[in-house]
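Q: protein_15.csv is reproduced in full below (CSV, N, CA and C atoms).
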chain,number,residue,atom,x,y,z
R,1,MET,N,-175.2,-145.4,-207.4
R,1,MET,CA,-175.6,-144.8,-208.6
R,1,MET,C,-176.7,-143.8,-208.3
R,2,GLN,N,-176.5,-142.6,-208.7
R,2,GLN,CA,-177.4,-141.5,-208.4
R,2,GLN,C,-178.6,-141.6,-209.3
R,3,ARG,N,-179.8,-141.6,-208.7
R,3,ARG,CA,-181.0,-141.8,-209.5
R,3,ARG,C,-181.7,-140.4,-209.6
R,4,PHE,N,-182.4,-140.2,-210.7
R,4,PHE,CA,-183.2,-139.0,-210.9
R,4,PHE,C,-184.6,-139.4,-211.3
R,5,VAL,N,-185.6,-139.1,-210.5
R,5,VAL,CA,-186.9,-139.3,-210.9
R,5,VAL,C,-187.2,-138.6,-212.2
R,6,LEU,N,-186.5,-137.5,-212.5
R,6,LEU,CA,-186.6,-136.8,-213.7
R,6,LEU,C,-185.3,-137.0,-214.5
R,7,PRO,N,-185.3,-137.6,-215.7
R,7,PRO,CA,-186.1,-137.3,-216.8
R,7,PRO,C,-187.5,-137.8,-216.8
R,8,ILE,N,-187.8,-138.9,-216.2
R,8,ILE,CA,-189.1,-139.5,-216.2
R,8,ILE,C,-190.1,-138.5,-215.7
R,9,LEU,N,-189.9,-137.8,-214.6
R,9,LEU,CA,-190.9,-136.9,-214.0
R,9,LEU,C,-190.8,-135.5,-214.4
R,10,LEU,N,-189.6,-135.0,-214.5
R,10,LEU,CA,-189.4,-133.5,-214.8
R,10,LEU,C,-188.6,-133.2,-216.0
R,11,ALA,N,-188.0,-134.1,-216.6
R,11,ALA,CA,-187.1,-133.7,-217.7
R,11,ALA,C,-187.8,-134.1,-219.1
R,12,ALA,N,-189.0,-134.1,-219.1
R,12,ALA,CA,-189.8,-134.5,-220.2
R,12,ALA,C,-189.2,-134.2,-221.6
R,13,LEU,N,-189.6,-133.2,-222.2
R,13,LEU,CA,-189.1,-132.8,-223.5
R,13,LEU,C,-188.4,-131.5,-223.4
R,14,PRO,N,-187.2,-131.4,-224.1
R,14,PRO,CA,-186.5,-130.1,-224.0
R,14,PRO,C,-187.3,-128.9,-224.5
R,15,VAL,N,-187.1,-127.8,-223.9
R,15,VAL,CA,-187.9,-126.6,-224.3
R,15,VAL,C,-187.0,-125.7,-225.0
R,16,ALA,N,-187.4,-125.1,-226.1
R,16,ALA,CA,-186.6,-124.2,-226.9
R,16,ALA,C,-186.4,-122.9,-226.1
R,17,ALA,N,-185.6,-122.0,-226.5
R,17,ALA,CA,-185.3,-120.8,-225.8
R,17,ALA,C,-186.6,-120.0,-225.6
R,18,ALA,N,-186.7,-119.3,-224.5
R,18,ALA,CA,-187.9,-118.6,-224.1
R,18,ALA,C,-188.3,-117.6,-225.2
R,19,ASP,N,-189.6,-117.6,-225.4
R,19,ASP,CA,-190.2,-116.6,-226.4
R,19,ASP,C,-190.2,-115.2,-225.6
R,20,ALA,N,-190.2,-114.2,-226.4
R,20,ALA,CA,-190.3,-112.8,-225.8
R,20,ALA,C,-191.6,-112.6,-225.0
R,21,GLY,N,-192.6,-113.4,-225.4
R,21,GLY,CA,-193.9,-113.2,-224.7
R,21,GLY,C,-194.0,-113.9,-223.4
R,22,GLU,N,-193.0,-114.7,-223.0
R,22,GLU,CA,-193.1,-115.4,-221.8
R,22,GLU,C,-192.7,-114.5,-220.6
R,23,GLU,N,-193.4,-114.7,-219.5
R,23,GLU,CA,-193.2,-113.8,-218.3
R,23,GLU,C,-192.4,-114.7,-217.3
R,24,ALA,N,-191.2,-114.2,-216.9
R,24,ALA,CA,-190.4,-114.8,-215.9
R,24,ALA,C,-191.1,-114.7,-214.5
R,25,LEU,N,-191.3,-115.8,-213.9
R,25,LEU,CA,-191.9,-115.8,-212.5
R,25,LEU,C,-190.8,-115.7,-211.5
R,26,ILE,N,-190.8,-114.7,-210.7
R,26,ILE,CA,-189.8,-114.5,-209.6
R,26,ILE,C,-190.5,-114.0,-208.4
R,27,GLY,N,-189.8,-114.2,-207.3
R,27,GLY,CA,-190.3,-113.7,-206.0
R,27,GLY,C,-191.7,-114.1,-205.6
R,28,PRO,N,-192.5,-113.1,-205.2
R,28,PRO,CA,-193.9,-113.4,-204.8
R,28,PRO,C,-194.7,-114.0,-206.0
R,29,ALA,N,-194.5,-113.6,-207.2
R,29,ALA,CA,-195.2,-114.1,-208.3
R,29,ALA,C,-195.0,-115.6,-208.5
R,30,LEU,N,-193.7,-116.0,-208.3
R,30,LEU,CA,-193.4,-117.4,-208.4
R,30,LEU,C,-194.0,-118.2,-207.2
R,31,HIS,N,-193.9,-117.7,-206.0
R,31,HIS,CA,-194.5,-118.3,-204.9
R,31,HIS,C,-196.0,-118.5,-205.1
R,32,SER,N,-196.7,-117.4,-205.5
R,32,SER,CA,-198.2,-117.6,-205.6
R,32,SER,C,-198.6,-118.4,-206.8
R,33,ALA,N,-197.7,-118.6,-207.8
R,33,ALA,CA,-198.0,-119.5,-208.9
R,33,ALA,C,-198.2,-120.9,-208.5
R,34,VAL,N,-197.4,-121.4,-207.4
R,34,VAL,CA,-197.5,-122.8,-207.1
R,34,VAL,C,-198.1,-123.0,-205.7
R,35,SER,N,-198.0,-122.0,-204.8
R,35,SER,CA,-198.5,-122.2,-203.4
R,35,SER,C,-199.9,-122.7,-203.3
R,36,GLY,N,-200.2,-123.8,-202.7
R,36,GLY,CA,-201.5,-124.3,-202.5
R,36,GLY,C,-202.1,-124.9,-203.8
R,37,LYS,N,-201.2,-125.2,-204.8
R,37,LYS,CA,-201.7,-125.7,-206.1
R,37,LYS,C,-201.0,-127.0,-206.4
R,38,THR,N,-201.6,-127.7,-207.4
R,38,THR,CA,-201.0,-128.9,-208.0
R,38,THR,C,-200.4,-128.5,-209.3
R,39,VAL,N,-199.2,-128.8,-209.5
R,39,VAL,CA,-198.5,-128.6,-210.8
R,39,VAL,C,-198.4,-129.9,-211.5
R,40,TYR,N,-198.8,-129.9,-212.7
R,40,TYR,CA,-198.8,-131.2,-213.5
R,40,TYR,C,-197.7,-131.1,-214.5
R,41,ILE,N,-196.6,-131.9,-214.2
R,41,ILE,CA,-195.4,-132.0,-215.0
R,41,ILE,C,-195.7,-132.8,-216.3
R,42,SER,N,-195.5,-132.3,-217.4
R,42,SER,CA,-195.7,-133.0,-218.7
R,42,SER,C,-194.5,-133.9,-218.9
R,43,THR,N,-194.8,-135.2,-219.2
R,43,THR,CA,-193.8,-136.2,-219.5
R,43,THR,C,-194.3,-136.9,-220.8
R,44,PRO,N,-193.4,-137.6,-221.5
R,44,PRO,CA,-193.8,-138.4,-222.6
R,44,PRO,C,-194.9,-139.5,-222.3
R,45,MET,N,-195.0,-139.8,-221.0
R,45,MET,CA,-195.9,-140.9,-220.6
R,45,MET,C,-197.1,-140.3,-219.9
R,46,GLY,N,-197.3,-139.0,-219.9
R,46,GLY,CA,-198.5,-138.4,-219.3
R,46,GLY,C,-198.1,-137.4,-218.2
R,47,GLU,N,-199.0,-136.8,-217.6
R,47,GLU,CA,-198.8,-135.8,-216.6
R,47,GLU,C,-198.5,-136.4,-215.2
R,48,VAL,N,-197.6,-135.7,-214.5
R,48,VAL,CA,-197.3,-136.2,-213.1
R,48,VAL,C,-197.7,-135.0,-212.2
R,49,PRO,N,-198.7,-135.3,-211.3
R,49,PRO,CA,-199.1,-134.2,-210.4
R,49,PRO,C,-198.2,-134.1,-209.1
R,50,ILE,N,-197.8,-132.8,-208.9
R,50,ILE,CA,-197.0,-132.5,-207.7
R,50,ILE,C,-197.7,-131.4,-207.0
R,51,ARG,N,-198.0,-131.7,-205.7
R,51,ARG,CA,-198.8,-130.8,-204.9
R,51,ARG,C,-197.9,-129.9,-204.0
R,52,TYR,N,-198.0,-128.6,-204.2
R,52,TYR,CA,-197.2,-127.6,-203.4
R,52,TYR,C,-198.1,-127.0,-202.4
R,53,ALA,N,-198.1,-127.5,-201.1
R,53,ALA,CA,-198.9,-127.0,-200.1
R,53,ALA,C,-198.5,-125.6,-199.7
R,54,ALA,N,-199.4,-124.8,-199.2
R,54,ALA,CA,-199.0,-123.4,-198.8
R,54,ALA,C,-198.0,-123.4,-197.6
R,55,ASN,N,-198.0,-124.5,-196.8
R,55,ASN,CA,-197.1,-124.5,-195.7
R,55,ASN,C,-195.7,-125.0,-196.0
R,56,GLY,N,-195.3,-125.1,-197.3
R,56,GLY,CA,-194.0,-125.5,-197.7
R,56,GLY,C,-193.8,-127.0,-197.9
R,57,GLN,N,-194.8,-127.8,-197.7
R,57,GLN,CA,-194.7,-129.2,-197.9
R,57,GLN,C,-195.0,-129.5,-199.4
R,58,VAL,N,-194.4,-130.5,-200.0
R,58,VAL,CA,-194.6,-130.9,-201.3
R,58,VAL,C,-194.9,-132.4,-201.3
R,59,SER,N,-195.7,-132.9,-202.2
R,59,SER,CA,-196.0,-134.3,-202.3
R,59,SER,C,-196.3,-134.7,-203.7
R,60,GLY,N,-195.9,-135.9,-204.0
R,60,GLY,CA,-196.2,-136.5,-205.3
R,60,GLY,C,-196.4,-138.0,-205.3
R,61,ARG,N,-197.2,-138.4,-206.2
R,61,ARG,CA,-197.5,-139.8,-206.3
R,61,ARG,C,-197.6,-140.2,-207.8
R,62,THR,N,-196.8,-141.2,-208.2
R,62,THR,CA,-196.8,-141.6,-209.6
R,62,THR,C,-196.2,-143.0,-209.7
R,63,GLU,N,-196.7,-143.8,-210.5
R,63,GLU,CA,-196.1,-145.1,-210.8
R,63,GLU,C,-194.8,-145.0,-211.6
R,64,LEU,N,-194.7,-143.9,-212.3
R,64,LEU,CA,-193.5,-143.6,-213.2
R,64,LEU,C,-192.2,-143.6,-212.4
R,65,ALA,N,-192.3,-143.3,-211.1
R,65,ALA,CA,-191.1,-143.3,-210.2
R,65,ALA,C,-190.4,-144.7,-210.2
R,66,LEU,N,-191.2,-145.7,-210.2
R,66,LEU,CA,-190.7,-147.1,-210.2
R,66,LEU,C,-189.9,-147.4,-211.5
R,67,LEU,N,-190.3,-146.8,-212.6
R,67,LEU,CA,-189.6,-147.0,-213.9
R,67,LEU,C,-188.3,-146.4,-213.9
R,68,ASP,N,-188.1,-145.4,-213.0
R,68,ASP,CA,-186.8,-144.7,-212.9
R,68,ASP,C,-185.9,-145.2,-211.8
R,69,GLY,N,-186.2,-146.4,-211.2
R,69,GLY,CA,-185.4,-147.0,-210.2
R,69,GLY,C,-185.7,-146.6,-208.8
R,70,GLU,N,-186.7,-145.7,-208.6
R,70,GLU,CA,-187.1,-145.4,-207.2
R,70,GLU,C,-187.8,-146.6,-206.6
R,71,THR,N,-187.8,-146.6,-205.2
R,71,THR,CA,-188.4,-147.7,-204.5
R,71,THR,C,-189.8,-147.5,-204.0
R,72,THR,N,-190.3,-146.3,-204.3
R,72,THR,CA,-191.6,-145.9,-203.8
R,72,THR,C,-192.4,-145.1,-204.9
R,73,THR,N,-193.7,-145.2,-204.9
R,73,THR,CA,-194.5,-144.5,-205.9
R,73,THR,C,-194.9,-143.1,-205.4
R,74,LYS,N,-194.7,-142.9,-204.1
R,74,LYS,CA,-195.1,-141.6,-203.5
R,74,LYS,C,-194.0,-141.1,-202.6
R,75,ASP,N,-193.9,-139.7,-202.5
R,75,ASP,CA,-192.9,-139.1,-201.7
R,75,ASP,C,-193.4,-137.8,-201.3
R,76,SER,N,-192.7,-137.2,-200.3
R,76,SER,CA,-193.0,-135.8,-199.8
R,76,SER,C,-191.7,-135.2,-199.5
R,77,GLY,N,-191.8,-133.9,-199.3
R,77,GLY,CA,-190.6,-133.1,-199.0
R,77,GLY,C,-191.0,-131.7,-198.7
R,78,ARG,N,-190.0,-130.8,-199.0
R,78,ARG,CA,-190.2,-129.3,-198.8
R,78,ARG,C,-190.0,-128.6,-200.1
R,79,TRP,N,-190.6,-127.4,-200.2
R,79,TRP,CA,-190.4,-126.5,-201.3
R,79,TRP,C,-190.3,-125.1,-200.7
R,80,TRP,N,-189.5,-124.3,-201.5
R,80,TRP,CA,-189.4,-122.9,-201.1
R,80,TRP,C,-188.9,-122.1,-202.3
R,81,VAL,N,-189.0,-120.8,-202.2
R,81,VAL,CA,-188.5,-119.9,-203.3
R,81,VAL,C,-187.2,-119.2,-202.8
R,82,ALA,N,-186.1,-119.3,-203.5
R,82,ALA,CA,-184.8,-118.7,-203.2
R,82,ALA,C,-184.2,-118.2,-204.4
R,83,ASP,N,-183.7,-116.9,-204.3
R,83,ASP,CA,-183.0,-116.3,-205.5
R,83,ASP,C,-183.8,-116.4,-206.8
R,84,SER,N,-185.0,-116.2,-206.7
R,84,SER,CA,-186.0,-116.2,-207.8
R,84,SER,C,-186.1,-117.6,-208.5
R,85,LYS,N,-185.8,-118.6,-207.7
R,85,LYS,CA,-186.0,-120.0,-208.2
R,85,LYS,C,-186.9,-120.8,-207.2
R,86,LEU,N,-187.6,-121.7,-207.8
R,86,LEU,CA,-188.4,-122.6,-207.0
R,86,LEU,C,-187.5,-123.8,-206.7
R,87,CYS,N,-187.3,-124.1,-205.4
R,87,CYS,CA,-186.5,-125.1,-204.9
R,87,CYS,C,-187.3,-126.2,-204.3
R,88,ILE,N,-186.8,-127.5,-204.4
R,88,ILE,CA,-187.6,-128.6,-203.9
R,88,ILE,C,-186.6,-129.6,-203.4
R,89,ARG,N,-186.9,-130.3,-202.3
R,89,ARG,CA,-186.1,-131.4,-201.8
R,89,ARG,C,-187.0,-132.5,-201.3
R,90,TRP,N,-187.0,-133.6,-202.1
R,90,TRP,CA,-187.8,-134.8,-201.7
R,90,TRP,C,-187.1,-135.5,-200.6
R,91,ASN,N,-187.9,-136.2,-199.8
R,91,ASN,CA,-187.3,-137.1,-198.7
R,91,ASN,C,-186.6,-138.3,-199.3
R,92,ARG,N,-187.1,-138.9,-200.4
R,92,ARG,CA,-186.5,-140.1,-201.0
R,92,ARG,C,-186.2,-139.9,-202.5
R,93,TRP,N,-187.1,-139.4,-203.2
R,93,TRP,CA,-186.9,-139.2,-204.6
R,93,TRP,C,-185.7,-138.3,-204.9
R,94,MET,N,-185.1,-138.5,-206.0
R,94,MET,CA,-184.0,-137.7,-206.5
R,94,MET,C,-182.8,-137.7,-205.4
R,95,SER,N,-182.7,-138.8,-204.8
R,95,SER,CA,-181.6,-139.0,-203.7
R,95,SER,C,-181.7,-138.0,-202.6
R,96,GLY,N,-182.9,-137.4,-202.4
R,96,GLY,CA,-183.1,-136.4,-201.3
R,96,GLY,C,-182.3,-135.1,-201.5
R,97,GLU,N,-181.8,-134.9,-202.7
R,97,GLU,CA,-181.0,-133.7,-203.0
R,97,GLU,C,-181.9,-132.5,-203.4
R,98,THR,N,-181.4,-131.3,-203.1
R,98,THR,CA,-182.2,-130.1,-203.4
R,98,THR,C,-181.9,-129.8,-204.9
R,99,HIS,N,-183.0,-129.4,-205.6
R,99,HIS,CA,-183.0,-129.0,-207.0
R,99,HIS,C,-183.8,-127.7,-207.1
R,100,CYS,N,-183.3,-126.8,-207.9
R,100,CYS,CA,-184.0,-125.5,-208.1
R,100,CYS,C,-184.3,-125.2,-209.5
R,101,PHE,N,-185.4,-124.5,-209.8
R,101,PHE,CA,-185.9,-124.3,-211.1
R,101,PHE,C,-186.2,-122.8,-211.3
R,102,THR,N,-186.0,-122.4,-212.6
R,102,THR,CA,-186.6,-121.1,-213.0
R,102,THR,C,-187.9,-121.5,-213.7
R,103,MET,N,-188.9,-120.6,-213.7
R,103,MET,CA,-190.2,-120.8,-214.3
R,103,MET,C,-190.5,-119.6,-215.1
R,104,LYS,N,-191.1,-119.8,-216.3
R,104,LYS,CA,-191.6,-118.7,-217.2
R,104,LYS,C,-193.0,-119.1,-217.5
R,105,ARG,N,-193.9,-118.1,-217.3
R,105,ARG,CA,-195.3,-118.3,-217.7
R,105,ARG,C,-195.5,-118.2,-219.2
R,106,VAL,N,-196.2,-119.2,-219.8
R,106,VAL,CA,-196.5,-119.2,-221.2
R,106,VAL,C,-197.9,-118.7,-221.4
R,107,SER,N,-198.8,-119.1,-220.5
R,107,SER,CA,-200.2,-118.8,-220.5
R,107,SER,C,-200.7,-118.7,-219.0
R,108,PRO,N,-201.9,-118.4,-218.8
R,108,PRO,CA,-202.3,-118.4,-217.4
R,108,PRO,C,-202.2,-119.7,-216.6
R,109,THR,N,-202.2,-120.8,-217.4
R,109,THR,CA,-202.1,-122.1,-216.8
R,109,THR,C,-200.9,-123.0,-217.2
R,110,GLU,N,-200.0,-122.4,-218.0
R,110,GLU,CA,-198.8,-123.2,-218.4
R,110,GLU,C,-197.5,-122.5,-218.2
R,111,VAL,N,-196.5,-123.2,-217.8
R,111,VAL,CA,-195.2,-122.7,-217.6
R,111,VAL,C,-194.1,-123.5,-218.3
R,112,HIS,N,-193.0,-122.9,-218.6
R,112,HIS,CA,-191.8,-123.6,-219.0
R,112,HIS,C,-190.9,-123.6,-217.7
R,113,TRP,N,-190.2,-124.7,-217.4
R,113,TRP,CA,-189.3,-124.7,-216.3
R,113,TRP,C,-187.9,-125.1,-216.8
R,114,ARG,N,-186.9,-124.7,-216.1
R,114,ARG,CA,-185.5,-125.1,-216.3
R,114,ARG,C,-184.9,-125.4,-215.0
R,115,ARG,N,-184.4,-126.6,-214.8
R,115,ARG,CA,-183.7,-127.0,-213.6
R,115,ARG,C,-182.2,-126.5,-213.7
R,116,ASP,N,-181.6,-126.3,-212.5
R,116,ASP,CA,-180.2,-125.8,-212.5
R,116,ASP,C,-179.2,-126.7,-213.3
R,117,ASP,N,-179.5,-128.0,-213.5
R,117,ASP,CA,-178.6,-128.8,-214.3
R,117,ASP,C,-178.9,-128.8,-215.8
R,118,GLY,N,-179.9,-127.9,-216.2
R,118,GLY,CA,-180.2,-127.7,-217.6
R,118,GLY,C,-181.4,-128.4,-218.1
R,119,LYS,N,-181.9,-129.4,-217.4
R,119,LYS,CA,-183.1,-130.1,-217.8
R,119,LYS,C,-184.2,-129.2,-217.8
R,120,SER,N,-185.2,-129.3,-218.7
R,120,SER,CA,-186.3,-128.4,-218.9
R,120,SER,C,-187.5,-129.1,-219.4
R,121,GLY,N,-188.6,-128.4,-219.3
R,121,GLY,CA,-189.9,-129.0,-219.7
R,121,GLY,C,-191.0,-128.0,-219.5
R,122,ARG,N,-192.2,-128.6,-219.6
R,122,ARG,CA,-193.4,-127.8,-219.5
R,122,ARG,C,-194.3,-128.4,-218.3
R,123,ALA,N,-195.1,-127.5,-217.8
R,123,ALA,CA,-196.0,-127.9,-216.7
R,123,ALA,C,-197.3,-127.1,-216.8
R,124,ARG,N,-198.3,-127.7,-216.3
R,124,ARG,CA,-199.7,-127.1,-216.2
R,124,ARG,C,-199.9,-126.8,-214.8
R,125,LEU,N,-200.4,-125.5,-214.5
R,125,LEU,CA,-200.7,-125.1,-213.2
R,125,LEU,C,-202.2,-125.4,-212.9
R,126,GLY,N,-202.5,-126.2,-211.9
R,126,GLY,CA,-203.9,-126.5,-211.5
R,126,GLY,C,-204.3,-125.9,-210.3
Can you turn what I pasted into structure tokens?
A:
Amino acid sequence: MQRFVLPILLAALPVAAADAGEEALIGPALHSAVSGKTVYISTPMGEVPIRYAANGQVSGRTELALLDGETTTKDSGRWWVADSKLCIRWNRWMSGETHCFTMKRVSPTEVHWRRDDGKSGRARLG
């Protein structure tokens, strides 16, 4: 059975169609929005911090992963920007599969994201 840490971690609440005032983050702007920062994914149970290191490493730690059938509360992996999308591959979470996201800036510290499979939500940039 394929497990997804998200909806618990990343598929929080569906986001309505993007407002005209939202700025699509692509290329260098997308990279700099997350590189060296922690992105706090909004979920119904609270925020989930995901750290995007400047060297392409990603790490996360949350008890919510256990509620979604994962066997560990922390994981790491790789992140990169490709085709104007933020891509991530965890070592264990989400079955170790690659998932890519588009991001639109709502405010200087908030984004809407949409994963390739249609799941979407909000996140705070820290």
Q: Work out how far apart atom CA of Arg105 of chain R and atom CA of Glu23 of chain R are and give it in Å to one decimal.
A: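 Value for the atom CA of Arg105 of chain R-atom CA of Glu23 of chain R distance: 5.0 Å.
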Q: Quote the spacing between atom C of Thr98 of chain R and atom C of Leu86 of chain R in Å to one decimal place.
A: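 A separation of 8.4 Å between them.
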Q: Measuring atom to atom with only C-alpha atoms, identify which of R:Gly126, R:Gly21, R:Pro49, R:Gly27 is nearest to Thr102 of chain R.
A: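 Nearest candidate to Thr102 of chain R out of R:Gly126, R:Gly21, R:Pro49, R:Gly27: R:Gly27.
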Q: Would you kindly return, as an NGL selection string, each protein, DNA or RNA residue with an atom no farther than 8 Å from any atom of Arg114 of chain R, considering all atoms listed in the file and excluding same-chain residues fewer than 6 positions away?
A: :R and (100-104 or 120-122)
Q: Mind giving me the straight-line distance from atom CA of Val106 of chain R to atom CA of Glu63 of chain R in Å, one decimal?
A: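 These two atoms are separated by 27.9 Å.
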Q: For a quick check of understanding, using only N, CA and C atoms, which of R:His31, R:Ala123, R:Lys37, R:Asp75 has the smallest distance to Thr109 of chain R?
A: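 With only N, CA and C atoms as the atom set, the closest residue is R:Ala123.
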Q: Quick one: residues within 8 Å of Val58 of chain R, only C-alpha atoms counted, chain neighbours fewer than 6 positions away excluded, as a ChimeraX atom specification?
A: /R:50-52,76-79,88,90
Q: List every residue of segment 7-126 of chain R that DSSP, applied to the backbone of this structure, places in helix (DSSP H, G or I), and write the result as a PyMOL selection string.
A: chain R and resi 27-34+64-67+93-96
Q: Quick one: segment 18-45 of chain R from the block, N, CA and C atoms, as a compact mmCIF listing (two decimals), in the first residue's frame.
A:
# COMPACT_ATOMS: atom_id res chain seq x y z
N ALA R 18 -5.85 30.42 -7.98
CA ALA R 18 -4.93 31.50 -7.63
C ALA R 18 -5.54 32.86 -7.93
N ASP R 19 -5.35 33.79 -7.02
CA ASP R 19 -5.80 35.16 -7.22
C ASP R 19 -4.85 35.85 -8.18
N ALA R 20 -5.37 36.87 -8.85
CA ALA R 20 -4.55 37.61 -9.80
C ALA R 20 -3.35 38.24 -9.13
N GLY R 21 -3.44 38.54 -7.83
CA GLY R 21 -2.35 39.18 -7.11
C GLY R 21 -1.23 38.25 -6.70
N GLU R 22 -1.38 36.97 -6.92
CA GLU R 22 -0.34 36.02 -6.53
C GLU R 22 0.76 35.98 -7.58
N GLU R 23 2.00 35.88 -7.10
CA GLU R 23 3.17 35.84 -7.96
C GLU R 23 3.67 34.41 -8.08
N ALA R 24 3.70 33.88 -9.30
CA ALA R 24 4.24 32.54 -9.52
C ALA R 24 5.74 32.57 -9.26
N LEU R 25 6.21 31.64 -8.44
CA LEU R 25 7.64 31.53 -8.18
C LEU R 25 8.22 30.52 -9.17
N ILE R 26 9.18 30.96 -9.97
CA ILE R 26 9.82 30.08 -10.95
C ILE R 26 11.32 30.34 -10.95
N GLY R 27 12.06 29.36 -11.44
CA GLY R 27 13.50 29.50 -11.62
C GLY R 27 14.22 30.00 -10.37
N PRO R 28 15.09 31.01 -10.54
CA PRO R 28 15.87 31.52 -9.41
C PRO R 28 15.01 32.05 -8.27
N ALA R 29 13.85 32.64 -8.57
CA ALA R 29 12.98 33.15 -7.51
C ALA R 29 12.44 32.01 -6.65
N LEU R 30 12.10 30.90 -7.27
CA LEU R 30 11.63 29.73 -6.52
C LEU R 30 12.76 29.15 -5.68
N HIS R 31 13.93 29.04 -6.27
CA HIS R 31 15.09 28.51 -5.55
C HIS R 31 15.40 29.36 -4.32
N SER R 32 15.46 30.68 -4.51
CA SER R 32 15.82 31.54 -3.38
C SER R 32 14.71 31.63 -2.33
N ALA R 33 13.48 31.34 -2.71
CA ALA R 33 12.37 31.38 -1.75
C ALA R 33 12.52 30.30 -0.68
N VAL R 34 13.15 29.16 -1.02
CA VAL R 34 13.24 28.06 -0.06
C VAL R 34 14.67 27.73 0.36
N SER R 35 15.66 28.05 -0.45
CA SER R 35 17.04 27.66 -0.17
C SER R 35 17.55 28.26 1.14
N GLY R 36 18.00 27.39 2.03
CA GLY R 36 18.51 27.82 3.32
C GLY R 36 17.42 28.20 4.31
N LYS R 37 16.19 27.87 4.00
CA LYS R 37 15.07 28.28 4.85
C LYS R 37 14.27 27.07 5.34
N THR R 38 13.44 27.34 6.33
CA THR R 38 12.47 26.37 6.79
C THR R 38 11.11 26.79 6.25
N VAL R 39 10.42 25.84 5.64
CA VAL R 39 9.08 26.07 5.12
C VAL R 39 8.11 25.35 6.06
N TYR R 40 7.14 26.08 6.57
CA TYR R 40 6.19 25.55 7.54
C TYR R 40 4.89 25.23 6.80
N ILE R 41 4.65 23.94 6.57
CA ILE R 41 3.46 23.49 5.85
C ILE R 41 2.26 23.54 6.80
N SER R 42 1.20 24.20 6.37
CA SER R 42 -0.02 24.29 7.17
C SER R 42 -0.82 23.00 7.03
N THR R 43 -1.21 22.42 8.15
CA THR R 43 -2.08 21.25 8.16
C THR R 43 -3.20 21.50 9.16
N PRO R 44 -4.26 20.73 9.12
CA PRO R 44 -5.32 20.91 10.11
C PRO R 44 -4.84 20.69 11.54
N MET R 45 -3.71 19.99 11.71
CA MET R 45 -3.20 19.69 13.05
C MET R 45 -2.04 20.59 13.46
